[in-house]
Amino acid sequence: MKKLPKIVLLILIVLLLLGCTNKELTTKEKEALKFKEEYENLNGKSTNNRKYRKVEIEKDNPMRYKNASDIIKMIEEKKTFIVYFGFDSCPWCRSVVPTLLEVAKDLEVDTIYYVDVKEIRDVLKLGENEEVITEKKGEKDYYKLLELLDSVLDQYMLTNEDKKEIDTGEKRIYAPSVVSVVDGVAVELESGISEEQTDAYMKLTEKMKKDTYHKFKCSIQCVLESSTTCSNKNSC
């Protein structure tokens with residue numbers, strides 16, 4: 001049997017390698033990569049004279065994209081799951097997302113649903129007489145989510161010129177919000193933000209990171225243990 005010329009062997013090896021590296025990604029892999037790229041693409045960039053926090057996200061992360069209607073359907077079907085509401089340019093989100101993914105990996109959580117809330121929420125503001133004005137209406141499904149998640153959501157508060165908070169009369173899905181849903185019931189909402197972090201852009205201390213880790217771990221365990229009371233939070 002004749003030996004193949006070296007150049008032919010080289011071509012065959014290259015084609016073989018290309019065939020291995022160009023395999024089609026699964027939907028799960030595509031969504032994980034999309035999440036990684038969206039958040040990491042802002043590394044080194046600035047907004048309002050502040051630099052976005054650098055984040056590093058593994059390509060095999062558990063984030064799976066959903067829209068508001070998907071989450072509504074899952075709640076109505078009484079499913080148990082974890083959903084993260086946020087968006088890539090949210091500075092507070094960038095403070096906690098890497099730790100959220102660390103907790104998910106340590107607890108072997110393979111799916112966290114992700115809803116980008118930046119464009120679906122309403123935007124309210126105060127008028128001259130401190131009346132609440134709708135500057136931008138939210139999507140229909142966003143208001144439905146407010147109803148379904150009402151028990152764990154905070155009020156939508158605005159601040160007037162005297163630094164006094166004004167209640168708008170409605171709830172809000174702030175970012176970041178990681179919601180634990182058990183049998184279709186929202187049992188826990190956790191931002192993951194350490195009480196010691198007073199600015200979204202400040203350097204994170206090890207204490208802050210540990211606080212965030214603990215908060216998310218306790219919250220996610222509600223889902224893993226299918227607990228409707230989250231009674232484990234006091235001892236986790």
# chains A, B, ... in the order shown; residues from 1 in each chain; ligands from 1
call {"tool": "residues_around", "arguments": {"residues": "Asp211 in chain A", "least_positions_apart": "4", "cutoff": "9 Å", "atoms": "only C-alpha atoms", "output": "number ranges by chain"}}
result
A: 192-196, 206-207, 215-216
call {"tool": "residues_around", "arguments": {"residues": "Ser226 in chain A", "least_positions_apart": "4", "cutoff": "10 Å", "atoms": "only C-alpha atoms", "output": "PyMOL selection string"}}
result
chain A and resi 80-81+180-183+187+220-222+230
call {"tool": "write_last_selection", "arguments": {"atoms": "all heavy atoms", "output": "mmCIF file, in the first residue's frame"}}
result
data_model
loop_
_atom_site.group_PDB
_atom_site.id
_atom_site.type_symbol
_atom_site.label_atom_id
_atom_site.label_comp_id
_atom_site.auth_asym_id
_atom_site.auth_seq_id
_atom_site.Cartn_x
_atom_site.Cartn_y
_atom_site.Cartn_z
ATOM 1 N N THR A 80 -41.824 23.985 38.652
ATOM 2 C CA THR A 80 -40.837 24.427 39.635
ATOM 3 C C THR A 80 -39.560 24.810 38.887
ATOM 4 O O THR A 80 -39.027 24.004 38.119
ATOM 5 C CB THR A 80 -40.531 23.299 40.641
ATOM 6 O OG1 THR A 80 -41.728 23.007 41.387
ATOM 7 C CG2 THR A 80 -39.426 23.706 41.609
ATOM 8 N N PHE A 81 -39.091 26.035 39.111
ATOM 9 C CA PHE A 81 -37.943 26.497 38.342
ATOM 10 C C PHE A 81 -37.339 27.758 38.965
ATOM 11 O O PHE A 81 -37.890 28.349 39.900
ATOM 12 C CB PHE A 81 -38.347 26.792 36.891
ATOM 13 C CG PHE A 81 -39.440 27.829 36.742
ATOM 14 C CD1 PHE A 81 -39.138 29.169 36.559
ATOM 15 C CD2 PHE A 81 -40.784 27.445 36.801
ATOM 16 C CE1 PHE A 81 -40.154 30.119 36.420
ATOM 17 C CE2 PHE A 81 -41.809 28.389 36.672
ATOM 18 C CZ PHE A 81 -41.475 29.733 36.477
ATOM 19 N N SER A 180 -37.431 32.204 42.823
ATOM 20 C CA SER A 180 -37.608 30.758 42.989
ATOM 21 C C SER A 180 -39.099 30.453 42.924
ATOM 22 O O SER A 180 -39.886 30.978 43.709
ATOM 23 C CB SER A 180 -37.044 30.302 44.338
ATOM 24 O OG SER A 180 -35.664 30.600 44.429
ATOM 25 N N VAL A 181 -39.483 29.615 41.975
ATOM 26 C CA VAL A 181 -40.889 29.241 41.787
ATOM 27 C C VAL A 181 -41.041 27.756 42.085
ATOM 28 O O VAL A 181 -40.338 26.922 41.501
ATOM 29 C CB VAL A 181 -41.362 29.537 40.349
ATOM 30 C CG1 VAL A 181 -42.820 29.146 40.166
ATOM 31 C CG2 VAL A 181 -41.169 31.025 40.017
ATOM 32 N N VAL A 182 -41.931 27.429 42.994
ATOM 33 C CA VAL A 182 -42.168 26.037 43.384
ATOM 34 C C VAL A 182 -43.633 25.699 43.142
ATOM 35 O O VAL A 182 -44.523 26.352 43.685
ATOM 36 C CB VAL A 182 -41.807 25.794 44.868
ATOM 37 C CG1 VAL A 182 -42.124 24.353 45.265
ATOM 38 C CG2 VAL A 182 -40.333 26.104 45.125
ATOM 39 N N ASP A 183 -43.871 24.718 42.294
ATOM 40 C CA ASP A 183 -45.240 24.297 41.947
ATOM 41 C C ASP A 183 -46.083 25.486 41.496
ATOM 42 O O ASP A 183 -47.260 25.610 41.856
ATOM 43 C CB ASP A 183 -45.907 23.605 43.136
ATOM 44 C CG ASP A 183 -45.191 22.322 43.526
ATOM 45 O OD1 ASP A 183 -44.559 21.704 42.645
ATOM 46 O OD2 ASP A 183 -45.241 21.950 44.718
ATOM 47 N N VAL A 187 -41.964 31.734 45.618
ATOM 48 C CA VAL A 187 -41.748 31.625 47.053
ATOM 49 C C VAL A 187 -40.599 32.489 47.556
ATOM 50 O O VAL A 187 -40.473 32.737 48.752
ATOM 51 C CB VAL A 187 -41.492 30.163 47.482
ATOM 52 C CG1 VAL A 187 -42.707 29.309 47.175
ATOM 53 C CG2 VAL A 187 -40.253 29.600 46.790
ATOM 54 N N ILE A 220 -31.856 29.423 46.010
ATOM 55 C CA ILE A 220 -31.939 28.339 45.034
ATOM 56 C C ILE A 220 -32.277 27.014 45.710
ATOM 57 O O ILE A 220 -32.958 26.154 45.129
ATOM 58 C CB ILE A 220 -30.622 28.237 44.238
ATOM 59 C CG1 ILE A 220 -30.515 29.442 43.288
ATOM 60 C CG2 ILE A 220 -30.545 26.938 43.448
ATOM 61 C CD1 ILE A 220 -29.212 29.529 42.537
ATOM 62 N N GLN A 221 -31.848 26.834 46.949
ATOM 63 C CA GLN A 221 -32.167 25.599 47.665
ATOM 64 C C GLN A 221 -33.667 25.431 47.862
ATOM 65 O O GLN A 221 -34.158 24.309 47.994
ATOM 66 C CB GLN A 221 -31.444 25.567 49.018
ATOM 67 C CG GLN A 221 -29.978 25.181 48.886
ATOM 68 C CD GLN A 221 -29.242 25.150 50.215
ATOM 69 O OE1 GLN A 221 -29.687 25.743 51.188
ATOM 70 N NE2 GLN A 221 -28.111 24.477 50.242
ATOM 71 N N CYS A 222 -34.412 26.533 47.868
ATOM 72 C CA CYS A 222 -35.872 26.444 47.973
ATOM 73 C C CYS A 222 -36.423 25.612 46.821
ATOM 74 O O CYS A 222 -37.340 24.817 46.986
ATOM 75 C CB CYS A 222 -36.500 27.840 47.926
ATOM 76 S SG CYS A 222 -36.112 28.894 49.319
ATOM 77 N N CYS A 230 -39.457 27.976 52.211
ATOM 78 C CA CYS A 230 -38.054 28.413 52.290
ATOM 79 C C CYS A 230 -37.571 28.431 53.739
ATOM 80 O O CYS A 230 -36.806 29.314 54.140
ATOM 81 C CB CYS A 230 -37.859 29.788 51.659
ATOM 82 S SG CYS A 230 -37.867 29.750 49.869
#
call {"tool": "select_by_dssp", "arguments": {"residues": "range 26-234 of chain A", "states": "strand (DSSP E or B)", "output": "ChimeraX atom specification"}}
result
/A:46-47,50-51,63-65,81-86,112-116,123-126,132-136,154-159,165-172,177-182,185-190
call {"tool": "residues_around", "arguments": {"residues": "range 49-63 of chain A", "least_positions_apart": "6", "cutoff": "10 Å", "atoms": "only C-alpha atoms", "output": "NGL selection string"}}
result
:A and (28-37 or 39-43 or 83-84 or 88-99 or 101-102 or 104-105 or 108-115 or 200-203)
call {"tool": "residues_around", "arguments": {"residues": "Glu170 in chain A", "least_positions_apart": "6", "cutoff": "10 Å", "atoms": "only C-alpha atoms", "output": "ChimeraX atom specification"}}
result
/A:143,146-147,150,153-157
call {"tool": "write_last_selection", "arguments": {"atoms": "N, CA, C and O atoms", "output": "PDB file, in the first residue's frame"}}
result
ATOM      1  N   TYR A 143     -47.194  43.081  32.773  1.00  0.00           N
ATOM      2  CA  TYR A 143     -48.202  43.354  33.803  1.00  0.00           C
ATOM      3  C   TYR A 143     -48.793  42.049  34.351  1.00  0.00           C
ATOM      4  O   TYR A 143     -49.126  41.965  35.537  1.00  0.00           O
ATOM      5  N   LEU A 146     -46.420  40.801  36.888  1.00  0.00           N
ATOM      6  CA  LEU A 146     -46.566  41.537  38.146  1.00  0.00           C
ATOM      7  C   LEU A 146     -47.648  40.909  39.013  1.00  0.00           C
ATOM      8  O   LEU A 146     -47.506  40.831  40.243  1.00  0.00           O
ATOM      9  N   GLU A 147     -48.713  40.450  38.386  1.00  0.00           N
ATOM     10  CA  GLU A 147     -49.799  39.802  39.131  1.00  0.00           C
ATOM     11  C   GLU A 147     -49.348  38.455  39.698  1.00  0.00           C
ATOM     12  O   GLU A 147     -49.573  38.151  40.870  1.00  0.00           O
ATOM     13  N   ASP A 150     -46.631  38.836  42.452  1.00  0.00           N
ATOM     14  CA  ASP A 150     -46.952  39.909  43.401  1.00  0.00           C
ATOM     15  C   ASP A 150     -46.426  39.665  44.817  1.00  0.00           C
ATOM     16  O   ASP A 150     -45.897  40.574  45.460  1.00  0.00           O
ATOM     17  N   LEU A 153     -42.629  40.582  45.040  1.00  0.00           N
ATOM     18  CA  LEU A 153     -42.122  41.814  44.436  1.00  0.00           C
ATOM     19  C   LEU A 153     -42.188  43.001  45.387  1.00  0.00           C
ATOM     20  O   LEU A 153     -43.054  43.066  46.265  1.00  0.00           O
ATOM     21  N   ASP A 154     -41.286  43.959  45.194  1.00  0.00           N
ATOM     22  CA  ASP A 154     -41.292  45.205  45.953  1.00  0.00           C
ATOM     23  C   ASP A 154     -42.110  46.259  45.214  1.00  0.00           C
ATOM     24  O   ASP A 154     -42.357  46.158  44.009  1.00  0.00           O
ATOM     25  N   GLN A 155     -42.510  47.277  45.952  1.00  0.00           N
ATOM     26  CA  GLN A 155     -43.244  48.390  45.352  1.00  0.00           C
ATOM     27  C   GLN A 155     -42.338  49.170  44.406  1.00  0.00           C
ATOM     28  O   GLN A 155     -41.129  49.252  44.596  1.00  0.00           O
ATOM     29  N   TYR A 156     -42.945  49.759  43.404  1.00  0.00           N
ATOM     30  CA  TYR A 156     -42.234  50.626  42.465  1.00  0.00           C
ATOM     31  C   TYR A 156     -42.195  52.023  43.104  1.00  0.00           C
ATOM     32  O   TYR A 156     -43.196  52.718  43.168  1.00  0.00           O
ATOM     33  N   MET A 157     -41.026  52.409  43.592  1.00  0.00           N
ATOM     34  CA  MET A 157     -40.861  53.672  44.294  1.00  0.00           C
ATOM     35  C   MET A 157     -40.105  54.695  43.439  1.00  0.00           C
ATOM     36  O   MET A 157     -39.154  54.338  42.738  1.00  0.00           O
TER      37      MET A 157
END
call {"tool": "select_by_dssp", "arguments": {"residues": "range 41-223 of chain A", "states": "helix (DSSP H, G or I)", "output": "NGL selection string"}}
result
:A and (68-76 or 91-106 or 140-148 or 150-152 or 206-223)
call {"tool": "atom_distance", "arguments": {"atom1": "CA of Ile173 in chain A", "atom2": "CA of Met74 in chain A"}}
result
17.5 Å
call {"tool": "decode", "arguments": {"residues": "range 171-208 of chain A", "atoms": "N, CA, C and O atoms", "output": "PDB file, in the first residue's frame"}}
result
ATOM      1  N   LYS A 171     -46.312  47.292  41.736  1.00  0.00           N
ATOM      2  CA  LYS A 171     -45.087  46.551  42.013  1.00  0.00           C
ATOM      3  C   LYS A 171     -44.129  46.709  40.827  1.00  0.00           C
ATOM      4  O   LYS A 171     -44.489  47.267  39.793  1.00  0.00           O
ATOM      5  N   ARG A 172     -42.897  46.192  40.995  1.00  0.00           N
ATOM      6  CA  ARG A 172     -41.912  46.283  39.906  1.00  0.00           C
ATOM      7  C   ARG A 172     -40.968  45.090  39.960  1.00  0.00           C
ATOM      8  O   ARG A 172     -40.625  44.602  41.041  1.00  0.00           O
ATOM      9  N   ILE A 173     -40.590  44.621  38.790  1.00  0.00           N
ATOM     10  CA  ILE A 173     -39.547  43.596  38.703  1.00  0.00           C
ATOM     11  C   ILE A 173     -38.231  44.336  38.522  1.00  0.00           C
ATOM     12  O   ILE A 173     -37.888  44.776  37.428  1.00  0.00           O
ATOM     13  N   TYR A 174     -37.538  44.530  39.635  1.00  0.00           N
ATOM     14  CA  TYR A 174     -36.249  45.206  39.573  1.00  0.00           C
ATOM     15  C   TYR A 174     -35.184  44.248  39.036  1.00  0.00           C
ATOM     16  O   TYR A 174     -35.355  43.030  39.054  1.00  0.00           O
ATOM     17  N   ALA A 175     -34.101  44.830  38.563  1.00  0.00           N
ATOM     18  CA  ALA A 175     -32.977  44.019  38.086  1.00  0.00           C
ATOM     19  C   ALA A 175     -31.768  44.290  38.969  1.00  0.00           C
ATOM     20  O   ALA A 175     -31.461  45.453  39.242  1.00  0.00           O
ATOM     21  N   PRO A 176     -31.118  43.218  39.472  1.00  0.00           N
ATOM     22  CA  PRO A 176     -31.402  41.816  39.219  1.00  0.00           C
ATOM     23  C   PRO A 176     -32.436  41.249  40.185  1.00  0.00           C
ATOM     24  O   PRO A 176     -32.506  41.667  41.338  1.00  0.00           O
ATOM     25  N   SER A 177     -33.204  40.292  39.709  1.00  0.00           N
ATOM     26  CA  SER A 177     -34.129  39.550  40.560  1.00  0.00           C
ATOM     27  C   SER A 177     -34.065  38.089  40.175  1.00  0.00           C
ATOM     28  O   SER A 177     -34.318  37.741  39.014  1.00  0.00           O
ATOM     29  N   VAL A 178     -33.711  37.244  41.126  1.00  0.00           N
ATOM     30  CA  VAL A 178     -33.713  35.800  40.907  1.00  0.00           C
ATOM     31  C   VAL A 178     -34.891  35.246  41.704  1.00  0.00           C
ATOM     32  O   VAL A 178     -34.918  35.332  42.935  1.00  0.00           O
ATOM     33  N   VAL A 179     -35.868  34.721  40.995  1.00  0.00           N
ATOM     34  CA  VAL A 179     -37.101  34.266  41.627  1.00  0.00           C
ATOM     35  C   VAL A 179     -37.158  32.735  41.643  1.00  0.00           C
ATOM     36  O   VAL A 179     -36.947  32.084  40.619  1.00  0.00           O
ATOM     37  N   SER A 180     -37.431  32.204  42.823  1.00  0.00           N
ATOM     38  CA  SER A 180     -37.608  30.758  42.989  1.00  0.00           C
ATOM     39  C   SER A 180     -39.099  30.453  42.924  1.00  0.00           C
ATOM     40  O   SER A 180     -39.886  30.978  43.709  1.00  0.00           O
ATOM     41  N   VAL A 181     -39.483  29.615  41.975  1.00  0.00           N
ATOM     42  CA  VAL A 181     -40.889  29.241  41.787  1.00  0.00           C
ATOM     43  C   VAL A 181     -41.041  27.756  42.085  1.00  0.00           C
ATOM     44  O   VAL A 181     -40.338  26.922  41.501  1.00  0.00           O
ATOM     45  N   VAL A 182     -41.931  27.429  42.994  1.00  0.00           N
ATOM     46  CA  VAL A 182     -42.168  26.037  43.384  1.00  0.00           C
ATOM     47  C   VAL A 182     -43.633  25.699  43.142  1.00  0.00           C
ATOM     48  O   VAL A 182     -44.523  26.352  43.685  1.00  0.00           O
ATOM     49  N   ASP A 183     -43.871  24.718  42.294  1.00  0.00           N
ATOM     50  CA  ASP A 183     -45.240  24.297  41.947  1.00  0.00           C
ATOM     51  C   ASP A 183     -46.083  25.486  41.496  1.00  0.00           C
ATOM     52  O   ASP A 183     -47.260  25.610  41.856  1.00  0.00           O
ATOM     53  N   GLY A 184     -45.474  26.369  40.726  1.00  0.00           N
ATOM     54  CA  GLY A 184     -46.200  27.501  40.172  1.00  0.00           C
ATOM     55  C   GLY A 184     -46.375  28.673  41.118  1.00  0.00           C
ATOM     56  O   GLY A 184     -47.033  29.662  40.776  1.00  0.00           O
ATOM     57  N   VAL A 185     -45.752  28.601  42.293  1.00  0.00           N
ATOM     58  CA  VAL A 185     -45.874  29.683  43.282  1.00  0.00           C
ATOM     59  C   VAL A 185     -44.512  30.335  43.502  1.00  0.00           C
ATOM     60  O   VAL A 185     -43.526  29.642  43.780  1.00  0.00           O
ATOM     61  N   ALA A 186     -44.463  31.649  43.370  1.00  0.00           N
ATOM     62  CA  ALA A 186     -43.219  32.373  43.630  1.00  0.00           C
ATOM     63  C   ALA A 186     -43.004  32.420  45.138  1.00  0.00           C
ATOM     64  O   ALA A 186     -43.783  33.038  45.866  1.00  0.00           O
ATOM     65  N   VAL A 187     -41.964  31.734  45.618  1.00  0.00           N
ATOM     66  CA  VAL A 187     -41.748  31.625  47.053  1.00  0.00           C
ATOM     67  C   VAL A 187     -40.599  32.489  47.556  1.00  0.00           C
ATOM     68  O   VAL A 187     -40.473  32.737  48.752  1.00  0.00           O
ATOM     69  N   GLU A 188     -39.756  32.953  46.658  1.00  0.00           N
ATOM     70  CA  GLU A 188     -38.591  33.723  47.092  1.00  0.00           C
ATOM     71  C   GLU A 188     -38.064  34.571  45.950  1.00  0.00           C
ATOM     72  O   GLU A 188     -38.010  34.141  44.799  1.00  0.00           O
ATOM     73  N   LEU A 189     -37.690  35.812  46.268  1.00  0.00           N
ATOM     74  CA  LEU A 189     -37.002  36.679  45.317  1.00  0.00           C
ATOM     75  C   LEU A 189     -35.714  37.149  45.969  1.00  0.00           C
ATOM     76  O   LEU A 189     -35.721  37.613  47.114  1.00  0.00           O
ATOM     77  N   GLU A 190     -34.616  37.023  45.250  1.00  0.00           N
ATOM     78  CA  GLU A 190     -33.318  37.412  45.784  1.00  0.00           C
ATOM     79  C   GLU A 190     -32.544  38.225  44.744  1.00  0.00           C
ATOM     80  O   GLU A 190     -32.363  37.783  43.622  1.00  0.00           O
ATOM     81  N   SER A 191     -32.109  39.420  45.150  1.00  0.00           N
ATOM     82  CA  SER A 191     -31.279  40.233  44.248  1.00  0.00           C
ATOM     83  C   SER A 191     -29.830  39.775  44.310  1.00  0.00           C
ATOM     84  O   SER A 191     -29.073  39.956  43.349  1.00  0.00           O
ATOM     85  N   GLY A 192     -29.448  39.207  45.448  1.00  0.00           N
ATOM     86  CA  GLY A 192     -28.076  38.766  45.631  1.00  0.00           C
ATOM     87  C   GLY A 192     -27.122  39.873  46.047  1.00  0.00           C
ATOM     88  O   GLY A 192     -25.954  39.622  46.330  1.00  0.00           O
ATOM     89  N   ILE A 193     -27.591  41.094  46.100  1.00  0.00           N
ATOM     90  CA  ILE A 193     -26.720  42.237  46.391  1.00  0.00           C
ATOM     91  C   ILE A 193     -26.389  42.287  47.885  1.00  0.00           C
ATOM     92  O   ILE A 193     -27.278  42.241  48.731  1.00  0.00           O
ATOM     93  N   SER A 194     -25.114  42.383  48.192  1.00  0.00           N
ATOM     94  CA  SER A 194     -24.663  42.471  49.575  1.00  0.00           C
ATOM     95  C   SER A 194     -25.078  43.823  50.168  1.00  0.00           C
ATOM     96  O   SER A 194     -25.043  44.850  49.490  1.00  0.00           O
ATOM     97  N   GLU A 195     -25.450  43.806  51.449  1.00  0.00           N
ATOM     98  CA  GLU A 195     -25.803  45.050  52.130  1.00  0.00           C
ATOM     99  C   GLU A 195     -24.617  46.006  52.193  1.00  0.00           C
ATOM    100  O   GLU A 195     -24.788  47.222  52.371  1.00  0.00           O
ATOM    101  N   GLU A 196     -23.411  45.474  52.039  1.00  0.00           N
ATOM    102  CA  GLU A 196     -22.216  46.314  52.097  1.00  0.00           C
ATOM    103  C   GLU A 196     -21.901  46.997  50.765  1.00  0.00           C
ATOM    104  O   GLU A 196     -21.076  47.900  50.710  1.00  0.00           O
ATOM    105  N   GLN A 197     -22.577  46.570  49.701  1.00  0.00           N
ATOM    106  CA  GLN A 197     -22.348  47.200  48.398  1.00  0.00           C
ATOM    107  C   GLN A 197     -23.300  48.381  48.244  1.00  0.00           C
ATOM    108  O   GLN A 197     -24.500  48.215  48.076  1.00  0.00           O
ATOM    109  N   THR A 198     -22.767  49.576  48.262  1.00  0.00           N
ATOM    110  CA  THR A 198     -23.585  50.786  48.210  1.00  0.00           C
ATOM    111  C   THR A 198     -23.564  51.460  46.847  1.00  0.00           C
ATOM    112  O   THR A 198     -24.281  52.427  46.619  1.00  0.00           O
ATOM    113  N   ASP A 199     -22.734  50.967  45.951  1.00  0.00           N
ATOM    114  CA  ASP A 199     -22.640  51.536  44.608  1.00  0.00           C
ATOM    115  C   ASP A 199     -22.470  50.391  43.620  1.00  0.00           C
ATOM    116  O   ASP A 199     -21.698  49.463  43.857  1.00  0.00           O
ATOM    117  N   ALA A 200     -23.198  50.467  42.505  1.00  0.00           N
ATOM    118  CA  ALA A 200     -23.170  49.368  41.540  1.00  0.00           C
ATOM    119  C   ALA A 200     -21.814  49.170  40.885  1.00  0.00           C
ATOM    120  O   ALA A 200     -21.520  48.087  40.377  1.00  0.00           O
ATOM    121  N   TYR A 201     -20.985  50.228  40.899  1.00  0.00           N
ATOM    122  CA  TYR A 201     -19.699  50.157  40.198  1.00  0.00           C
ATOM    123  C   TYR A 201     -18.505  49.980  41.144  1.00  0.00           C
ATOM    124  O   TYR A 201     -17.377  49.882  40.688  1.00  0.00           O
ATOM    125  N   MET A 202     -18.751  49.945  42.438  1.00  0.00           N
ATOM    126  CA  MET A 202     -17.645  49.858  43.379  1.00  0.00           C
ATOM    127  C   MET A 202     -16.955  48.492  43.319  1.00  0.00           C
ATOM    128  O   MET A 202     -17.532  47.508  42.862  1.00  0.00           O
ATOM    129  N   LYS A 203     -15.710  48.460  43.772  1.00  0.00           N
ATOM    130  CA  LYS A 203     -14.957  47.207  43.787  1.00  0.00           C
ATOM    131  C   LYS A 203     -15.595  46.256  44.785  1.00  0.00           C
ATOM    132  O   LYS A 203     -15.921  46.638  45.908  1.00  0.00           O
ATOM    133  N   LEU A 204     -15.772  45.009  44.372  1.00  0.00           N
ATOM    134  CA  LEU A 204     -16.391  44.020  45.236  1.00  0.00           C
ATOM    135  C   LEU A 204     -15.357  43.397  46.163  1.00  0.00           C
ATOM    136  O   LEU A 204     -14.322  42.915  45.716  1.00  0.00           O
ATOM    137  N   THR A 205     -15.647  43.419  47.444  1.00  0.00           N
ATOM    138  CA  THR A 205     -14.748  42.788  48.419  1.00  0.00           C
ATOM    139  C   THR A 205     -15.094  41.301  48.515  1.00  0.00           C
ATOM    140  O   THR A 205     -16.151  40.856  48.050  1.00  0.00           O
ATOM    141  N   GLU A 206     -14.227  40.538  49.140  1.00  0.00           N
ATOM    142  CA  GLU A 206     -14.496  39.125  49.337  1.00  0.00           C
ATOM    143  C   GLU A 206     -15.729  38.929  50.215  1.00  0.00           C
ATOM    144  O   GLU A 206     -16.494  37.982  50.025  1.00  0.00           O
ATOM    145  N   LYS A 207     -15.924  39.844  51.160  1.00  0.00           N
ATOM    146  CA  LYS A 207     -17.105  39.769  52.031  1.00  0.00           C
ATOM    147  C   LYS A 207     -18.385  39.953  51.209  1.00  0.00           C
ATOM    148  O   LYS A 207     -19.376  39.223  51.412  1.00  0.00           O
ATOM    149  N   MET A 208     -18.368  40.891  50.290  1.00  0.00           N
ATOM    150  CA  MET A 208     -19.534  41.119  49.439  1.00  0.00           C
ATOM    151  C   MET A 208     -19.835  39.889  48.594  1.00  0.00           C
ATOM    152  O   MET A 208     -20.987  39.471  48.456  1.00  0.00           O
TER     153      MET A 208
END
